[in-house]
>>> print(open('my_file03.cif').read())   # mmCIF, C-alpha atoms and all ligand atoms
data_data
loop_
_atom_site.label_atom_id
_atom_site.label_comp_id
_atom_site.auth_asym_id
_atom_site.auth_seq_id
_atom_site.Cartn_x
_atom_site.Cartn_y
_atom_site.Cartn_z
CA MET A 1 137.98 88.09 69.04
CA ALA A 2 139.88 91.35 68.50
CA GLU A 3 142.49 89.65 66.32
CA LYS A 4 139.90 87.71 64.41
CA LEU A 5 137.95 90.92 63.80
CA GLN A 6 141.08 92.61 62.47
CA ALA A 7 141.62 89.70 60.08
CA LEU A 8 138.02 89.93 58.89
CA LYS A 9 138.39 93.66 58.28
CA LYS A 10 141.56 93.00 56.26
CA GLN A 11 139.73 90.42 54.23
CA ALA A 12 136.85 92.82 53.48
CA CYS A 13 139.31 95.53 52.36
CA ALA A 14 141.35 93.11 50.24
CA SER A 15 138.22 91.89 48.49
CA ILE A 16 137.14 95.48 47.72
CA ASP A 17 140.60 96.11 46.25
CA GLU A 18 140.36 92.95 44.15
CA THR A 19 137.02 94.07 42.71
CA LYS A 20 138.09 97.68 42.13
CA ASP A 21 137.97 97.60 38.33
CA LYS A 22 134.45 96.18 38.22
CA LEU A 23 133.34 98.67 40.86
CA HIS A 24 134.82 101.58 38.91
CA GLN A 25 133.04 100.38 35.77
CA LEU A 26 129.78 100.28 37.71
CA ALA A 27 130.08 103.90 38.87
CA ASP A 28 131.32 104.99 35.46
CA ALA A 29 128.37 103.41 33.62
CA ILE A 30 125.94 105.23 35.92
CA TRP A 31 127.89 108.50 35.60
CA ARG A 32 127.97 108.36 31.79
CA HIS A 33 124.22 107.98 31.55
CA PRO A 34 122.67 110.34 34.11
CA GLU A 35 118.99 109.67 34.75
CA LEU A 36 116.48 111.70 36.72
CA ALA A 37 114.47 110.55 39.72
CA PHE A 38 112.27 107.51 39.06
CA GLU A 39 113.70 107.28 35.53
CA GLU A 40 116.91 105.49 36.57
CA ARG A 41 116.18 102.47 34.36
CA GLN A 42 119.69 101.96 33.03
CA ALA A 43 121.29 102.48 36.45
CA HIS A 44 118.81 99.97 37.89
CA ASP A 45 119.62 97.44 35.15
CA THR A 46 123.39 98.00 35.54
CA LEU A 47 123.23 97.34 39.30
CA VAL A 48 120.91 94.35 38.90
CA ARG A 49 123.33 92.88 36.32
CA PHE A 50 126.28 93.58 38.63
CA PHE A 51 124.80 91.62 41.55
CA THR A 52 123.50 88.84 39.31
CA GLN A 53 126.97 88.38 37.82
CA GLU A 54 128.56 88.35 41.28
CA LYS A 55 126.75 85.03 41.93
CA GLY A 56 125.32 83.97 45.27
CA TRP A 57 123.08 87.03 45.55
CA THR A 58 119.32 86.76 45.30
CA VAL A 59 118.35 89.73 43.19
CA ASP A 60 114.89 91.28 43.08
CA ALA A 61 114.70 93.68 40.15
CA HIS A 62 112.03 96.41 40.27
CA TYR A 63 111.69 95.79 44.00
CA LYS A 64 108.48 97.56 45.14
CA LEU A 65 109.26 100.51 42.79
CA GLU A 66 110.09 100.35 39.09
CA THR A 67 113.66 101.58 39.52
CA ALA A 68 114.41 100.12 42.96
CA PHE A 69 116.11 96.76 43.50
CA ARG A 70 117.11 94.44 46.31
CA ALA A 71 120.05 92.04 46.44
CA THR A 72 120.39 89.71 49.42
CA TRP A 73 123.09 87.27 50.45
CA GLY A 74 122.84 84.70 53.22
CA PRO A 75 121.89 83.98 55.88
CA VAL A 76 125.10 82.30 57.00
CA GLY A 77 125.98 80.91 60.40
CA GLY A 78 124.17 80.78 63.70
CA GLY A 79 122.63 78.10 65.77
CA GLN A 80 118.95 77.34 66.10
CA GLY A 81 116.97 79.95 67.98
CA GLU A 82 119.53 82.73 67.44
CA SER A 83 117.93 85.78 65.90
CA LEU A 84 119.10 86.84 62.47
CA VAL A 85 121.07 90.04 61.97
CA ASN A 86 120.36 91.69 58.63
CA VAL A 87 122.88 94.37 57.59
CA GLY A 88 121.71 96.82 54.93
CA PHE A 89 123.69 98.92 52.45
CA LEU A 90 122.00 101.50 50.26
CA CYS A 91 122.74 102.54 46.69
CA GLU A 92 121.45 105.83 45.26
CA TYR A 93 121.84 106.53 41.55
CA ASP A 94 119.63 109.41 40.42
CA ALA A 95 121.13 112.50 38.78
CA LEU A 96 120.19 116.17 38.51
CA PRO A 97 118.56 117.88 35.54
CA ALA A 98 121.02 119.59 33.16
CA ILE A 99 124.15 118.94 35.23
CA GLY A 100 124.18 115.15 35.51
CA HIS A 101 125.84 113.47 38.49
CA ALA A 102 126.59 116.73 40.27
CA CYS A 103 125.83 115.12 43.63
CA GLY A 104 127.93 112.01 42.97
CA HIS A 105 125.15 109.46 43.44
CA ASN A 106 127.04 107.17 41.04
CA LEU A 107 129.66 106.96 43.82
CA ILE A 108 126.98 106.25 46.43
CA ALA A 109 125.94 103.26 44.32
CA GLU A 110 129.58 102.17 44.19
CA THR A 111 130.19 102.50 47.96
CA GLY A 112 127.00 100.55 48.75
CA ALA A 113 127.88 97.75 46.34
CA ALA A 114 131.56 97.65 47.37
CA ALA A 115 130.85 97.59 51.10
CA ALA A 116 128.32 94.78 50.67
CA LEU A 117 130.79 92.76 48.61
CA GLY A 118 133.53 93.38 51.16
CA LEU A 119 131.34 92.29 54.08
CA ARG A 120 130.23 89.18 52.21
CA ALA A 121 133.85 88.23 51.43
CA ALA A 122 134.76 88.50 55.12
CA LEU A 123 131.72 86.46 56.16
CA GLU A 124 132.57 83.77 53.64
CA SER A 125 135.70 82.74 55.48
CA GLY A 126 133.76 79.75 56.84
CA GLU A 127 133.84 80.65 60.52
CA ALA A 128 131.05 79.43 62.78
CA TRP A 129 129.29 82.73 63.33
CA PRO A 130 127.39 83.02 66.62
CA MET A 131 124.18 84.19 64.88
CA PRO A 132 122.71 83.95 61.38
CA ILE A 133 123.81 86.94 59.29
CA LYS A 134 122.31 88.33 56.12
CA VAL A 135 123.55 91.13 53.86
CA THR A 136 120.98 93.24 52.00
CA VAL A 137 121.60 95.86 49.35
CA LEU A 138 118.71 98.18 48.53
CA GLY A 139 118.73 100.32 45.42
CA THR A 140 116.80 103.43 46.37
CA PRO A 141 115.71 105.81 43.58
CA ALA A 142 114.81 109.48 43.48
CA GLU A 143 116.72 110.97 46.42
CA GLU A 144 116.92 114.26 44.53
CA ASP A 145 113.19 114.49 44.10
CA GLU A 146 110.29 112.75 45.89
CA GLY A 147 112.49 110.49 48.05
CA GLY A 148 112.27 106.86 46.95
CA LYS A 149 113.38 105.65 50.39
CA ILE A 150 110.23 107.13 51.90
CA ASP A 151 108.08 105.18 49.43
CA LEU A 152 110.14 102.05 50.17
CA LEU A 153 109.73 102.61 53.92
CA ARG A 154 105.98 102.85 53.45
CA GLU A 155 106.10 99.59 51.46
CA GLY A 156 107.95 97.82 54.30
CA ALA A 157 111.31 97.47 52.51
CA PHE A 158 113.28 98.36 55.66
CA GLU A 159 111.26 96.31 58.13
CA ASP A 160 113.63 93.33 58.41
CA LEU A 161 116.86 95.36 58.56
CA ASP A 162 118.79 95.74 61.83
CA VAL A 163 121.20 98.46 60.73
CA VAL A 164 121.63 100.49 57.54
CA PHE A 165 124.71 102.06 55.98
CA MET A 166 125.29 104.47 53.16
CA ALA A 167 127.79 107.24 52.41
CA HIS A 168 127.47 110.48 50.45
CA PRO A 169 130.15 112.32 48.42
CA SER A 170 131.14 115.75 49.70
CA GLN A 171 134.19 118.01 50.12
CA GLU A 172 135.28 116.37 53.36
CA ASP A 173 135.13 113.26 55.47
CA ALA A 174 132.54 113.75 58.20
CA THR A 175 130.65 111.10 60.14
CA TYR A 176 127.64 113.40 60.26
CA ILE A 177 126.44 116.61 58.62
CA PRO A 178 123.18 118.14 59.86
CA ASP A 179 120.81 117.20 57.04
CA VAL A 180 117.52 118.94 57.69
CA ALA A 181 113.81 118.23 57.19
CA GLU A 182 112.26 119.30 53.91
CA HIS A 183 108.91 119.60 52.18
CA ASP A 184 108.60 120.64 48.54
CA VAL A 185 105.75 122.52 46.90
CA VAL A 186 104.74 123.42 43.36
CA ILE A 187 102.70 126.59 42.99
CA LYS A 188 100.50 127.15 39.94
CA TYR A 189 98.87 130.48 39.14
CA HIS A 190 96.03 130.66 36.65
CA GLY A 191 95.16 134.02 35.08
CA ARG A 192 93.67 135.13 31.76
CA ALA A 193 95.47 135.79 28.48
CA SER A 194 94.98 139.00 26.54
CA HIS A 195 96.89 141.19 24.06
CA ALA A 196 99.47 142.85 26.30
CA SER A 197 99.32 146.17 24.44
CA ALA A 198 95.89 146.33 22.77
CA TYR A 199 93.67 145.34 25.72
CA PRO A 200 95.85 144.51 28.76
CA TRP A 201 92.96 145.40 31.11
CA GLU A 202 91.21 142.22 29.92
CA GLY A 203 94.13 140.09 31.13
CA VAL A 204 94.89 138.53 34.52
CA ASN A 205 98.65 138.28 34.73
CA ALA A 206 99.90 134.97 36.17
CA LEU A 207 103.54 136.05 35.79
CA ASP A 208 102.87 139.04 38.04
CA ALA A 209 101.52 136.58 40.63
CA ALA A 210 104.69 134.49 40.36
CA VAL A 211 106.93 137.56 40.70
CA MET A 212 104.94 138.77 43.72
CA ALA A 213 105.08 135.31 45.28
CA TYR A 214 108.85 135.25 44.79
CA THR A 215 109.19 138.71 46.32
CA ASN A 216 106.87 137.93 49.23
CA VAL A 217 108.98 134.90 50.12
CA SER A 218 112.19 136.92 49.80
CA VAL A 219 110.78 139.47 52.23
CA LEU A 220 109.66 136.72 54.60
CA ARG A 221 113.18 135.28 54.62
CA GLN A 222 114.48 138.01 56.97
CA GLN A 223 111.98 136.91 59.59
CA LEU A 224 112.92 133.24 59.46
CA LYS A 225 115.09 131.47 62.00
CA PRO A 226 118.73 131.37 60.86
CA ASP A 227 118.71 127.66 60.06
CA TRP A 228 115.39 127.65 58.18
CA ARG A 229 115.66 127.66 54.40
CA ILE A 230 113.28 128.55 51.58
CA HIS A 231 114.46 128.55 48.00
CA GLY A 232 112.61 128.37 44.74
CA ILE A 233 112.55 128.86 41.02
CA ILE A 234 110.04 130.15 38.48
CA ARG A 235 109.46 127.21 36.15
CA HIS A 236 107.01 128.86 33.75
CA GLY A 237 106.57 132.56 33.25
CA GLY A 238 104.66 132.99 30.00
CA VAL A 239 105.23 132.34 26.33
CA LYS A 240 105.50 135.71 24.54
CA PRO A 241 105.75 139.32 25.71
CA ASN A 242 102.62 140.36 23.85
CA ILE A 243 100.45 137.70 25.47
CA ILE A 244 99.53 138.38 29.10
CA PRO A 245 100.66 135.13 30.76
CA ASP A 246 97.63 133.08 31.78
CA TYR A 247 99.77 130.52 33.57
CA SER A 248 102.86 130.53 35.74
CA GLU A 249 104.49 127.91 37.89
CA LEU A 250 107.02 127.98 40.71
CA GLU A 251 108.69 125.27 42.74
CA TYR A 252 109.94 125.82 46.30
CA TYR A 253 111.84 123.71 48.81
CA LEU A 254 111.03 124.46 52.47
CA ARG A 255 113.46 123.28 55.14
CA THR A 256 113.72 123.34 58.92
CA PRO A 257 116.13 121.45 61.21
CA SER A 258 113.27 119.34 62.61
CA TYR A 259 110.29 117.96 60.68
CA ARG A 260 108.19 119.24 63.58
CA ASP A 261 108.70 122.82 62.32
CA LEU A 262 107.68 122.12 58.72
CA PRO A 263 103.99 123.04 59.32
CA SER A 264 105.07 126.46 60.61
CA ILE A 265 107.25 127.28 57.62
CA LYS A 266 104.52 125.96 55.32
CA ALA A 267 101.89 128.24 56.88
CA LYS A 268 104.16 131.26 56.40
CA VAL A 269 104.89 130.61 52.72
CA GLU A 270 101.30 129.66 51.97
CA ALA A 271 100.32 133.15 53.09
CA CYS A 272 102.89 134.59 50.64
CA PHE A 273 101.52 132.52 47.75
CA GLN A 274 97.87 133.26 48.54
CA ALA A 275 98.59 136.99 48.90
CA ALA A 276 100.05 137.08 45.37
CA ALA A 277 96.92 135.41 44.01
CA LEU A 278 94.66 137.87 45.81
CA ALA A 279 96.64 140.90 44.61
CA THR A 280 96.61 139.86 40.96
CA GLY A 281 93.19 138.23 40.70
CA CYS A 282 94.72 134.86 39.79
CA THR A 283 93.68 131.54 41.21
CA VAL A 284 96.37 129.48 42.88
CA GLU A 285 97.01 125.75 43.33
CA LEU A 286 99.49 124.57 45.95
CA LEU A 287 100.71 121.03 45.32
CA PHE A 288 102.76 119.74 48.24
CA ALA A 289 104.98 116.72 47.57
CA ARG A 290 103.61 113.40 48.83
CA ASN A 291 106.72 112.83 50.97
CA GLN A 292 108.33 114.96 53.65
CA PHE A 293 112.03 114.41 54.27
CA TYR A 294 112.95 114.05 57.94
CA GLU A 295 116.17 115.10 59.63
CA ILE A 296 118.71 112.38 60.48
CA VAL A 297 118.48 110.66 63.87
CA ARG A 298 122.12 110.30 64.86
CA ASN A 299 123.62 107.09 66.12
CA HIS A 300 126.85 108.03 67.89
CA THR A 301 127.82 104.40 68.41
CA LEU A 302 127.87 103.84 64.66
CA GLU A 303 129.50 107.20 64.00
CA ASP A 304 132.32 106.48 66.48
CA LEU A 305 132.97 103.05 65.01
CA TYR A 306 132.99 104.48 61.48
CA GLU A 307 135.36 107.26 62.51
CA LYS A 308 137.77 104.81 64.13
CA ASN A 309 137.79 102.61 61.03
CA GLY A 310 138.05 105.59 58.68
CA LYS A 311 141.00 107.00 60.61
CA SER A 312 142.77 103.64 60.41
CA LEU A 313 142.47 103.98 56.61
CA GLY A 314 143.88 107.53 56.64
CA MET A 315 140.70 109.65 56.61
CA ASN A 316 140.79 113.09 58.24
CA PHE A 317 137.44 113.82 59.80
CA ILE A 318 136.03 117.29 60.29
CA THR A 319 133.04 118.38 62.34
CA VAL A 320 130.32 120.22 60.42
CA LYS A 321 127.79 122.22 62.41
CA ASN A 322 126.04 124.20 59.65
CA SER A 323 122.77 122.88 58.30
CA SER A 324 123.20 121.13 55.01
CA GLY A 325 120.71 119.84 52.47
CA SER A 326 118.24 117.06 53.11
CA THR A 327 118.13 113.35 52.48
CA ASP A 328 115.41 110.71 52.47
CA PHE A 329 117.88 108.65 54.52
CA GLY A 330 116.69 110.88 57.38
CA ASN A 331 113.33 109.05 57.31
CA VAL A 332 115.18 105.71 57.32
CA THR A 333 116.96 106.67 60.56
CA HIS A 334 113.57 107.22 62.21
CA ALA A 335 112.82 103.52 61.54
CA VAL A 336 116.20 101.71 61.66
CA PRO A 337 119.56 102.67 63.20
CA GLY A 338 121.91 103.88 60.49
CA ILE A 339 124.67 106.25 59.41
CA HIS A 340 125.08 108.55 56.44
CA PRO A 341 128.66 109.79 56.59
CA TYR A 342 130.03 112.17 53.96
CA PHE A 343 133.26 111.54 52.08
CA TYR A 344 135.93 113.52 50.27
CA ILE A 345 136.33 112.58 46.60
CA GLY A 346 139.63 114.29 45.81
CA SER A 347 138.18 117.65 44.78
CA GLU A 348 137.26 120.94 46.44
CA ALA A 349 134.31 121.40 44.04
CA LEU A 350 130.90 121.94 45.64
CA ASN A 351 127.94 119.57 45.19
CA HIS A 352 125.33 120.58 42.60
CA THR A 353 127.86 122.30 40.32
CA PRO A 354 129.20 121.18 36.94
CA GLU A 355 132.65 120.95 38.59
CA TYR A 356 131.29 118.32 40.98
CA THR A 357 129.90 116.35 38.05
CA ALA A 358 133.42 116.22 36.63
CA ALA A 359 134.88 115.25 40.02
CA SER A 360 132.40 112.41 40.57
CA GLY A 361 133.34 110.91 37.21
CA ALA A 362 137.09 111.40 37.65
CA ALA A 363 139.46 108.48 38.25
CA GLU A 364 140.80 110.31 41.35
CA ALA A 365 137.48 109.81 43.13
CA GLN A 366 137.97 106.05 43.07
CA PHE A 367 140.56 105.83 45.82
CA TYR A 368 138.35 107.83 48.22
CA THR A 369 135.17 106.00 47.23
CA LEU A 370 136.69 102.58 47.86
CA ARG A 371 138.27 103.78 51.10
CA THR A 372 134.81 104.85 52.25
CA ALA A 373 133.33 101.49 51.26
CA LYS A 374 136.06 99.77 53.27
CA ALA A 375 135.26 101.87 56.34
CA LEU A 376 131.56 100.99 55.98
CA ALA A 377 132.30 97.25 55.68
CA MET A 378 134.66 97.42 58.67
CA THR A 379 132.00 99.21 60.70
CA ALA A 380 129.47 96.53 59.78
CA LEU A 381 131.96 93.91 61.01
CA ASP A 382 132.33 95.82 64.29
CA VAL A 383 128.55 95.90 64.68
CA LEU A 384 128.41 92.15 64.13
CA PHE A 385 131.43 91.00 66.11
CA SER A 386 132.61 93.66 68.60
CA PRO A 387 131.19 92.43 71.90
CA GLY A 388 128.05 94.41 72.77
CA ALA A 389 128.25 96.73 69.73
CA LEU A 390 124.93 95.75 68.14
CA ASP A 391 123.13 95.99 71.48
CA LYS A 392 124.64 99.43 72.03
CA VAL A 393 123.58 100.59 68.55
CA LYS A 394 120.03 99.34 69.16
CA GLN A 395 119.85 100.77 72.68
CA GLU A 396 120.95 104.21 71.45
CA PHE A 397 118.34 104.05 68.69
CA LYS A 398 115.63 103.10 71.20
CA GLU A 399 116.57 105.98 73.48
CA ALA A 400 116.57 108.44 70.57
CA LYS A 401 113.12 107.20 69.54
CA SER A 402 111.65 107.62 73.02
CA ARG A 403 113.18 111.12 73.28
CA GLU A 404 111.61 111.86 69.92
CA GLU A 405 108.19 110.62 71.05
CA LYS A 406 108.41 112.75 74.18
CA GLU A 407 109.32 115.85 72.15
CA THR A 408 106.47 115.18 69.71
CA LYS A 409 104.05 115.04 72.65
CA GLN A 410 105.44 118.32 73.97
CA LYS A 411 105.52 119.96 70.56
CA PRO A 412 103.11 118.35 68.11
CA GLN A 413 103.41 119.10 64.40
CA THR A 414 101.10 122.09 64.16
CA ALA A 415 101.10 125.06 61.85
CA THR A 416 101.59 128.38 63.54
CA ILE A 417 102.35 131.83 62.26
CA GLU A 418 104.23 133.08 65.30
CA LYS A 419 103.39 136.55 66.51
CA SER A 420 106.07 138.48 68.34
N1 LIG A 501 113.85 117.48 47.14
C1 LIG A 501 114.87 116.65 47.65
C2 LIG A 501 116.23 117.29 47.53
C3 LIG A 501 117.29 116.51 48.22
C4 LIG A 501 118.64 117.10 47.99
N2 LIG A 501 119.63 116.19 48.48
C5 LIG A 501 120.93 116.43 48.41
O1 LIG A 501 121.39 117.45 47.95
C6 LIG A 501 121.83 115.34 48.95
C7 LIG A 501 122.69 115.84 50.04
N3 LIG A 501 122.08 115.86 51.29
C8 LIG A 501 118.75 118.46 48.64
O2 LIG A 501 118.47 119.46 47.97
O3 LIG A 501 119.07 118.56 49.82
#
>>> encode(input="my_file03.cif", output="C-alpha cells", more="lines below")
Ligand SMILES: NCCC[C@H](NC(=O)CCN)C(=O)O
Amino acid sequence: MAEKLQALKKQACASIDETKDKLHQLADAIWRHPELAFEERQAHDTLVRFFTQEKGWTVDAHYKLETAFRATWGPVGGGQGESLVNVGFLCEYDALPAIGHACGHNLIAETGAAAALGLRAALESGEAWPMPIKVTVLGTPAEEDEGGKIDLLREGAFEDLDVVFMAHPSQEDATYIPDVAEHDVVIKYHGRASHASAYPWEGVNALDAAVMAYTNVSVLRQQLKPDWRIHGIIRHGGVKPNIIPDYSELEYYLRTPSYRDLPSIKAKVEACFQAAALATGCTVELLFARNQFYEIVRNHTLEDLYEKNGKSLGMNFITVKNSSGSTDFGNVTHAVPGIHPYFYIGSEALNHTPEYTAASGAAEAQFYTLRTAKALAMTALDVLFSPGALDKVKQEFKEAKSREEKETKQKPQTATIEKS
C-alpha cells in the first residue's frame, strides 16, 4: 500500500499543478473584490462557478447561509455495508474593512479548492477503494466577524463529515498556532445632547462614558492573566464639538485560551462598562455577539501527518507557543476532527496590515499556497489509506472530547470576578 499511496500523492500534486492557472485566477478574483462578512456574494458566485465548471461536483449555492456553498464529489468505491468516509475542505473568503484581504482569506479559498481537486484526481484513478469515499468542500463566510462556521455547525452542515481540513496564511509554516476563544461585544451609551458651551449642564455626555469605559478596561488589563486579551475601538464619539454627544458606541473583542474562561473576562469588562454609565449618568446597552469562538482542539495525528507531507514538499515548520487570534474553525474541531495549519506566503508582512493585503495578492504567494494545498491533499490520502490512520484520528478526537467533558464538569462555564 505504501507505494500505491505515494503514487496517489504524486497524482494529487500533479493535478494541482495542472490546474494552477485556474486556481490563481480564483484567488485573484476574490482578492480584487474584497467583501465583508456575510456580504461575500461575488466570492460565493466565483467559487460556485469554479466547481460547476469543474464538472462532476454537485454544487449547492447559498447552502444554509446566503453566502455559504457546498460542493460534493462522490461517493466512489467501497463494498456494500462499508461505512462512507466523507473528507471535508473549507474555503473562507471574507475580507477586512478598509484594508481588503489583509488576512489572505482569498488564499484559504484557493487551498481548500485546490486540495479538494487534488484529492479527487487521485481518487479518480479507478482503483477499487476499500470503502466509499466522498469529498466535500464547504464555503464558510464571515470568519472575521460573527463566525459563519458556527452558524453552519448549528445548521448541521458538518454532521456527515469525518475529518475537516483548512489552512490559513501566516508568516510561517506551523501545523498549529494556539488560536484562542473569543466573544465580541458592542457597547452603546445613550446620553442627552445640549449646547456644549451655552448650557453643558443640561447634557449627559455619552463620549465621556465611552472614554471612561476605554480607560477602565485599560486599567483592568494589568490584572488580567498574561494570555487573556481585551481590545476595542470607539466606533462613534459624537458629531460636532459644540453638541454634547448623546450617543457613543464601542466594540470590544474578549479572548481567553479556553472558552470556559470567557464568562470571567466578560464579568470583569461588564463592570468597567457599567461603571462608566453610572459615573456619567448615561444608560448602557451591551450587545454580545450571537456566537462565541472556541479554541482549537488539537489532533496530533493529523498534525504529524501534515508535517511529514509538508516537509517532503520542502516546508520548514516552526513551533508557535504564543496565543494568536481566534477562528471559528475552533468550534468545528469541537465537533469533527480537523486541522488548521498556518502557511508562509513568501512575505514577512504581518496579518491585518496593508502589506499583508499586497502579499496575499502577489504572484509569489502562489507557490506556497499550492504547496500547502498539496500537503492537505496528501494528508487526506494518508487518512484514507495509511493503515489505521483514520481510526487513530477518530480515537484521538474521542479522547480529547472526553477530557473536555471531564474538565467542563470540574470547571463549568461560570462568571466570576476573582478576589485575591
Ligand atoms: N471576531 C472574529 C475575529 C477573528 C479574527 N480571525 C483572524 O484573525 C484569523 C486568524 N486566526 C481574529 O481577530 O482573531
>>> closest_atom_pairs(input="my_file03.cif", of="chain A", to="ligand LIG 501 (chain A)", cutoff="8 Å", atoms="all atoms listed in the file", output="tab-separated table")
residue	atom	partner	partner_atom	distance
A:Cys103	CA	A:LIG501	O1	6.6
A:Glu143	CA	A:LIG501	C3	5.9
A:Glu144	CA	A:LIG501	C2	4.3
A:Asp145	CA	A:LIG501	N1	4.3
A:Glu146	CA	A:LIG501	N1	6.1
A:Gly147	CA	A:LIG501	C1	6.6
A:His168	CA	A:LIG501	C7	7.2
A:Asp179	CA	A:LIG501	N3	6.0
A:Glu182	CA	A:LIG501	N1	7.2
A:His183	CA	A:LIG501	N1	7.4
A:Asp184	CA	A:LIG501	N1	6.3
A:Tyr253	CA	A:LIG501	N1	6.8
A:Phe293	CA	A:LIG501	C1	7.5
A:Ser324	CA	A:LIG501	N3	6.5
A:Gly325	CA	A:LIG501	O3	3.4
A:Ser326	CA	A:LIG501	O3	3.7
A:Thr327	CA	A:LIG501	N3	4.8
A:Asp328	CA	A:LIG501	C3	7.4
A:Asn351	CA	A:LIG501	O1	7.4
A:His352	CA	A:LIG501	O1	7.3
>>> write_last_selection(input="my_file03.cif", atoms="C-alpha atoms", output="PDB file, in the frame of the given file")
ATOM      1  CA  CYS A 103     125.830 115.120  43.630  1.00  0.00           C
ATOM      2  CA  GLU A 143     116.720 110.970  46.420  1.00  0.00           C
ATOM      3  CA  GLU A 144     116.920 114.260  44.530  1.00  0.00           C
ATOM      4  CA  ASP A 145     113.190 114.490  44.100  1.00  0.00           C
ATOM      5  CA  GLU A 146     110.290 112.750  45.890  1.00  0.00           C
ATOM      6  CA  GLY A 147     112.490 110.490  48.050  1.00  0.00           C
ATOM      7  CA  HIS A 168     127.470 110.480  50.450  1.00  0.00           C
ATOM      8  CA  ASP A 179     120.810 117.200  57.040  1.00  0.00           C
ATOM      9  CA  GLU A 182     112.260 119.300  53.910  1.00  0.00           C
ATOM     10  CA  HIS A 183     108.910 119.600  52.180  1.00  0.00           C
ATOM     11  CA  ASP A 184     108.600 120.640  48.540  1.00  0.00           C
ATOM     12  CA  TYR A 253     111.840 123.710  48.810  1.00  0.00           C
ATOM     13  CA  PHE A 293     112.030 114.410  54.270  1.00  0.00           C
ATOM     14  CA  SER A 324     123.200 121.130  55.010  1.00  0.00           C
ATOM     15  CA  GLY A 325     120.710 119.840  52.470  1.00  0.00           C
ATOM     16  CA  SER A 326     118.240 117.060  53.110  1.00  0.00           C
ATOM     17  CA  THR A 327     118.130 113.350  52.480  1.00  0.00           C
ATOM     18  CA  ASP A 328     115.410 110.710  52.470  1.00  0.00           C
ATOM     19  CA  ASN A 351     127.940 119.570  45.190  1.00  0.00           C
ATOM     20  CA  HIS A 352     125.330 120.580  42.600  1.00  0.00           C
TER      21      HIS A 352
END
>>> residues_around(input="my_file03.cif", residues="Ala349 in chain A", least_positions_apart="4", cutoff="10 Å", atoms="all atoms listed in the file", output="list in words")
Ala102, Ser170, Gln171, Ile345, Thr353, Pro354, Glu355, Tyr356, Thr357, Ala358, Ala359 and Ser360 of chain A
>>> closest_atom_pairs(input="my_file03.cif", of="range 336-372 of chain A", to="range 305-318 of chain A", cutoff="12 Å", atoms="only C-alpha atoms", output="CSV")
residue,atom,partner,partner_atom,distance
A:Gly338,CA,A:Tyr306,CA,11.1
A:Ile339,CA,A:Tyr306,CA,8.8
A:His340,CA,A:Tyr306,CA,10.2
A:Pro341,CA,A:Tyr306,CA,8.4
A:Tyr342,CA,A:Phe317,CA,9.6
A:Phe343,CA,A:Met315,CA,8.9
A:Tyr344,CA,A:Met315,CA,8.8
A:Ile345,CA,A:Met315,CA,11.3
A:Gly346,CA,A:Met315,CA,11.8
A:Phe367,CA,A:Leu313,CA,11.1
A:Tyr368,CA,A:Met315,CA,8.9
A:Thr369,CA,A:Met315,CA,11.5
A:Leu370,CA,A:Leu313,CA,10.6
A:Arg371,CA,A:Leu313,CA,6.9
A:Thr372,CA,A:Gly310,CA,7.2
>>> write_last_selection(input="my_file03.cif", atoms="C-alpha atoms", output="PDB file, in the coordinates of the input")
ATOM      1  CA  GLY A 338     121.910 103.880  60.490  1.00  0.00           C
ATOM      2  CA  ILE A 339     124.670 106.250  59.410  1.00  0.00           C
ATOM      3  CA  HIS A 340     125.080 108.550  56.440  1.00  0.00           C
ATOM      4  CA  PRO A 341     128.660 109.790  56.590  1.00  0.00           C
ATOM      5  CA  TYR A 342     130.030 112.170  53.960  1.00  0.00           C
ATOM      6  CA  PHE A 343     133.260 111.540  52.080  1.00  0.00           C
ATOM      7  CA  TYR A 344     135.930 113.520  50.270  1.00  0.00           C
ATOM      8  CA  ILE A 345     136.330 112.580  46.600  1.00  0.00           C
ATOM      9  CA  GLY A 346     139.630 114.290  45.810  1.00  0.00           C
ATOM     10  CA  PHE A 367     140.560 105.830  45.820  1.00  0.00           C
ATOM     11  CA  TYR A 368     138.350 107.830  48.220  1.00  0.00           C
ATOM     12  CA  THR A 369     135.170 106.000  47.230  1.00  0.00           C
ATOM     13  CA  LEU A 370     136.690 102.580  47.860  1.00  0.00           C
ATOM     14  CA  ARG A 371     138.270 103.780  51.100  1.00  0.00           C
ATOM     15  CA  THR A 372     134.810 104.850  52.250  1.00  0.00           C
TER      16      THR A 372
END
>>> residues_around(input="my_file03.cif", residues="Gly74 in chain A", least_positions_apart="4", cutoff="12 Å", atoms="only C-alpha atoms", output="list in words")
Lys55, Gly56, Trp57, Thr58, Gly78, Leu84, Val85, Asn86, Val87, Ala116, Leu119, Arg120, Ala121, Leu123, Glu124, Met131, Pro132, Ile133, Lys134, Val135, Thr136 and Val137 of chain A
>>> residues_around(input="my_file03.cif", residues="Ala400 in chain A", least_positions_apart="5", cutoff="9 Å", atoms="only C-alpha atoms", output="list of chain:residue names")
A:Val297, A:Arg298, A:Asn299, A:His334, A:Gln395, A:Glu405
>>> closest_residue(input="my_file03.cif", among="A:Leu5, A:Val59, A:Leu254, A:Met166", to="Arg229 in chain A", atoms="only C-alpha atoms")
A:Leu254
>>> closest_residue(input="my_file03.cif", among="A:Arg403, A:His190, A:Lys409, A:Lys374", to="Gly112 in chain A", atoms="only C-alpha atoms")
A:Lys374
>>> closest_residue(input="my_file03.cif", among="A:Arg255, A:Lys64, A:Arg41, A:His101", to="Ile230 in chain A", atoms="all atoms listed in the file")
A:Arg255
>>> atom_distance(input="my_file03.cif", atom1="CA of Leu47 in chain A", atom2="CA of Phe329 in chain A")
19.7 Å
>>> closest_residue(input="my_file03.cif", among="A:Tyr176, A:Tyr247, A:Asp17, A:Glu285", to="Leu302 in chain A", atoms="all atoms listed in the file")
A:Tyr176
>>> closest_residue(input="my_file03.cif", among="A:Leu26, A:Gln410, A:Ile16, A:Gln53", to="Leu117 in chain A", atoms="all atoms listed in the file")
A:Ile16
>>> atom_distance(input="my_file03.cif", atom1="CA of Ala7 in chain A", atom2="CA of Ala114 in chain A")
18.1 Å
>>> closest_residue(input="my_file03.cif", among="A:Gly203, A:Ala128, A:Ala373, A:Thr283", to="Ile108 in chain A", atoms="only C-alpha atoms")
A:Ala373
>>> residues_around(input="my_file03.cif", residues="His33 in chain A", least_positions_apart="2", cutoff="10 Å", atoms="only C-alpha atoms", output="PyMOL selection string")
chain A and resi 28-31+35+40+42-43+95+100-101+106
